[in-house]
Amino acid sequence: MNLLKKTVLVSAASLMVTSAFALTATESQVLTQKILASKVVDMPMVAAKLVVSADKADRIEIAKAAVVAVAKSHPTALSTVVGAILRKAPEATEAVVAACLEVAPQMARTVVAAATFATEGQDAVILATADRLVPAQQAEVRGEVTLAKSRRALKTSTTAKTINLPANQVVRTEQVVNANGVPVAPPAKVDATKGADQQRPYASSQPSDF
């Protein structure tokens, strides 16, 4: 292989690597325009969709570009955009948090809270990134992470779960009886509406004669 061909191949390979791990100025501009052209309320959905629809090799760079664009133009929407992206692409957590803190360090507490609440198993990465980029806010950041973890745990514990039963399985109910074997009636429904519940006296709003 002559030197010219070798140089061409090396240059082509370099361009392929660059396009896989970094956006060009044009690509970044197009991405930014797509996000900022949407309504503020739709930005989280639009940003998350752009990230997940991209090739895996490009997702982190697209996620970074998305949060930077929002941080600069619509900072009030940053937390929801960060959350939406990281719920779909948790592997981008470190890069997204770092990009946000570099562009908008004053929003560190909001960013780490959103990132922590949206992800599982990324808490240490979030803290380490914040400690490195905004060390002066370490105490506040750690407090936000702790609160976000509590909220995340509460959300997980209260999430309704659907139980799927096999088609041939029957759910049986049993009559509740007291100690003497007498069936117990189900609890009466209590209704505060006048006349709706015959078993519950209605408290009249009229003054008493006594």
# chains A, B, ... in the order shown; residues from 1 in each chain; ligands from 1

call {"tool": "select_by_dssp", "arguments": {"residues": "range 115-161 of chain A", "states": "alpha helix (DSSP H)", "output": "number ranges by chain"}}
result
A: 115-118, 123-133, 138-158

call {"tool": "residues_around", "arguments": {"residues": "Ala124 in chain A", "least_positions_apart": "4", "cutoff": "10 Å", "atoms": "only C-alpha atoms", "output": "list of chain:residue names"}}
result
A:Glu94, A:Thr116, A:Ala128, A:Thr129, A:Ala130, A:Val145

call {"tool": "write_last_selection", "arguments": {"atoms": "N, CA and C atoms", "output": "PDB file, in the first residue's frame"}}
result
ATOM      1  N   GLU A  94     -23.515  10.750  33.462  1.00  0.00           N
ATOM      2  CA  GLU A  94     -22.323  11.535  33.781  1.00  0.00           C
ATOM      3  C   GLU A  94     -22.127  12.679  32.789  1.00  0.00           C
ATOM      4  N   THR A 116     -30.845  12.355  39.744  1.00  0.00           N
ATOM      5  CA  THR A 116     -30.956  11.299  40.759  1.00  0.00           C
ATOM      6  C   THR A 116     -32.330  10.666  40.743  1.00  0.00           C
ATOM      7  N   ALA A 128     -20.006  12.399  42.266  1.00  0.00           N
ATOM      8  CA  ALA A 128     -18.607  12.586  41.879  1.00  0.00           C
ATOM      9  C   ALA A 128     -18.467  13.691  40.830  1.00  0.00           C
ATOM     10  N   THR A 129     -19.391  13.716  39.882  1.00  0.00           N
ATOM     11  CA  THR A 129     -19.356  14.750  38.846  1.00  0.00           C
ATOM     12  C   THR A 129     -19.591  16.133  39.444  1.00  0.00           C
ATOM     13  N   ALA A 130     -20.549  16.231  40.347  1.00  0.00           N
ATOM     14  CA  ALA A 130     -20.827  17.515  40.988  1.00  0.00           C
ATOM     15  C   ALA A 130     -19.665  17.956  41.883  1.00  0.00           C
ATOM     16  N   VAL A 145     -29.396  15.319  46.546  1.00  0.00           N
ATOM     17  CA  VAL A 145     -29.332  13.911  46.146  1.00  0.00           C
ATOM     18  C   VAL A 145     -30.046  13.035  47.164  1.00  0.00           C
TER      19      VAL A 145
END

call {"tool": "residues_around", "arguments": {"residues": "range 58-75 of chain A", "least_positions_apart": "4", "cutoff": "7 Å", "atoms": "only C-alpha atoms", "output": "list in words"}}
result
Ala20, Phe21, Ala22, Leu23, Ser28, Thr32, Ala47, Val51, Val52, Ala54, Val81, Val82, Ile85, Ala92, Ala95, Val96, Ala99, Cys100, Val103 and Ala104 of chain A

call {"tool": "atom_distance", "arguments": {"atom1": "CA of Val112 in chain A", "atom2": "CA of Gly83 in chain A"}}
result
9.8 Å

call {"tool": "residues_around", "arguments": {"residues": "range 35-44 of chain A", "least_positions_apart": "4", "cutoff": "7 Å", "atoms": "only C-alpha atoms", "output": "number ranges by chain"}}
result
A: 31, 48, 77, 80-81, 84

call {"tool": "residues_around", "arguments": {"residues": "range 106-108 of chain A", "least_positions_apart": "5", "cutoff": "10 Å", "atoms": "only C-alpha atoms", "output": "ChimeraX atom specification"}}
result
/A:71,75-76,78-79,97-98,100-101,113-114,130,133-134,137-138,140-141,144

call {"tool": "write_last_selection", "arguments": {"atoms": "N, CA and C atoms", "output": "PDB file, in the first residue's frame"}}
result
ATOM      1  N   ALA A  71     -30.436  24.635  28.651  1.00  0.00           N
ATOM      2  CA  ALA A  71     -29.860  25.407  29.756  1.00  0.00           C
ATOM      3  C   ALA A  71     -29.608  26.854  29.356  1.00  0.00           C
ATOM      4  N   PRO A  75     -33.794  27.780  30.773  1.00  0.00           N
ATOM      5  CA  PRO A  75     -33.295  27.112  31.993  1.00  0.00           C
ATOM      6  C   PRO A  75     -34.388  26.583  32.905  1.00  0.00           C
ATOM      7  N   THR A  76     -35.572  27.184  32.855  1.00  0.00           N
ATOM      8  CA  THR A  76     -36.655  26.697  33.718  1.00  0.00           C
ATOM      9  C   THR A  76     -37.122  25.300  33.308  1.00  0.00           C
ATOM     10  N   LEU A  78     -34.966  22.968  32.279  1.00  0.00           N
ATOM     11  CA  LEU A  78     -33.796  22.086  32.296  1.00  0.00           C
ATOM     12  C   LEU A  78     -34.019  20.823  33.119  1.00  0.00           C
ATOM     13  N   SER A  79     -34.600  20.949  34.290  1.00  0.00           N
ATOM     14  CA  SER A  79     -34.760  19.771  35.146  1.00  0.00           C
ATOM     15  C   SER A  79     -35.640  18.709  34.497  1.00  0.00           C
ATOM     16  N   VAL A  97     -24.981  15.439  33.242  1.00  0.00           N
ATOM     17  CA  VAL A  97     -24.791  16.238  34.456  1.00  0.00           C
ATOM     18  C   VAL A  97     -23.598  17.173  34.291  1.00  0.00           C
ATOM     19  N   ALA A  98     -22.508  16.656  33.747  1.00  0.00           N
ATOM     20  CA  ALA A  98     -21.313  17.479  33.541  1.00  0.00           C
ATOM     21  C   ALA A  98     -21.590  18.638  32.592  1.00  0.00           C
ATOM     22  N   CYS A 100     -24.432  20.110  31.954  1.00  0.00           N
ATOM     23  CA  CYS A 100     -25.295  21.087  32.623  1.00  0.00           C
ATOM     24  C   CYS A 100     -24.515  21.948  33.607  1.00  0.00           C
ATOM     25  N   LEU A 101     -23.662  21.310  34.400  1.00  0.00           N
ATOM     26  CA  LEU A 101     -22.924  22.044  35.428  1.00  0.00           C
ATOM     27  C   LEU A 101     -21.880  22.974  34.822  1.00  0.00           C
ATOM     28  N   ALA A 113     -30.720  16.859  41.391  1.00  0.00           N
ATOM     29  CA  ALA A 113     -31.976  16.310  41.899  1.00  0.00           C
ATOM     30  C   ALA A 113     -32.737  15.604  40.783  1.00  0.00           C
ATOM     31  N   ALA A 114     -32.822  16.235  39.624  1.00  0.00           N
ATOM     32  CA  ALA A 114     -33.529  15.642  38.491  1.00  0.00           C
ATOM     33  C   ALA A 114     -32.843  14.372  38.007  1.00  0.00           C
ATOM     34  N   ALA A 130     -20.549  16.231  40.347  1.00  0.00           N
ATOM     35  CA  ALA A 130     -20.827  17.515  40.988  1.00  0.00           C
ATOM     36  C   ALA A 130     -19.665  17.956  41.883  1.00  0.00           C
ATOM     37  N   LEU A 133     -17.013  19.424  39.557  1.00  0.00           N
ATOM     38  CA  LEU A 133     -17.300  20.642  38.808  1.00  0.00           C
ATOM     39  C   LEU A 133     -17.822  21.801  39.660  1.00  0.00           C
ATOM     40  N   VAL A 134     -18.523  21.488  40.744  1.00  0.00           N
ATOM     41  CA  VAL A 134     -19.033  22.557  41.617  1.00  0.00           C
ATOM     42  C   VAL A 134     -18.706  22.219  43.073  1.00  0.00           C
ATOM     43  N   GLN A 137     -20.395  23.818  46.134  1.00  0.00           N
ATOM     44  CA  GLN A 137     -21.801  23.510  46.435  1.00  0.00           C
ATOM     45  C   GLN A 137     -21.984  22.080  46.938  1.00  0.00           C
ATOM     46  N   GLN A 138     -20.919  21.491  47.418  1.00  0.00           N
ATOM     47  CA  GLN A 138     -20.962  20.075  47.789  1.00  0.00           C
ATOM     48  C   GLN A 138     -22.053  19.760  48.805  1.00  0.00           C
ATOM     49  N   GLU A 140     -24.850  21.418  49.572  1.00  0.00           N
ATOM     50  CA  GLU A 140     -26.183  21.577  49.007  1.00  0.00           C
ATOM     51  C   GLU A 140     -26.517  20.460  48.030  1.00  0.00           C
ATOM     52  N   VAL A 141     -25.539  20.098  47.220  1.00  0.00           N
ATOM     53  CA  VAL A 141     -25.747  19.035  46.230  1.00  0.00           C
ATOM     54  C   VAL A 141     -26.038  17.702  46.909  1.00  0.00           C
ATOM     55  N   GLU A 144     -29.545  17.598  48.144  1.00  0.00           N
ATOM     56  CA  GLU A 144     -30.521  17.388  47.074  1.00  0.00           C
ATOM     57  C   GLU A 144     -30.554  15.933  46.618  1.00  0.00           C
TER      58      GLU A 144
END

call {"tool": "residues_around", "arguments": {"residues": "Glu120 in chain A", "least_positions_apart": "5", "cutoff": "12 Å", "atoms": "only C-alpha atoms", "output": "list of chain:residue names"}}
result
A:Gly83, A:Leu86, A:Arg87, A:Lys88, A:Ala89, A:Pro90, A:Glu91, A:Thr93, A:Ala114, A:Ala115, A:Val125, A:Ile126, A:Ala148, A:Lys149, A:Arg152, A:Ala153, A:Thr156
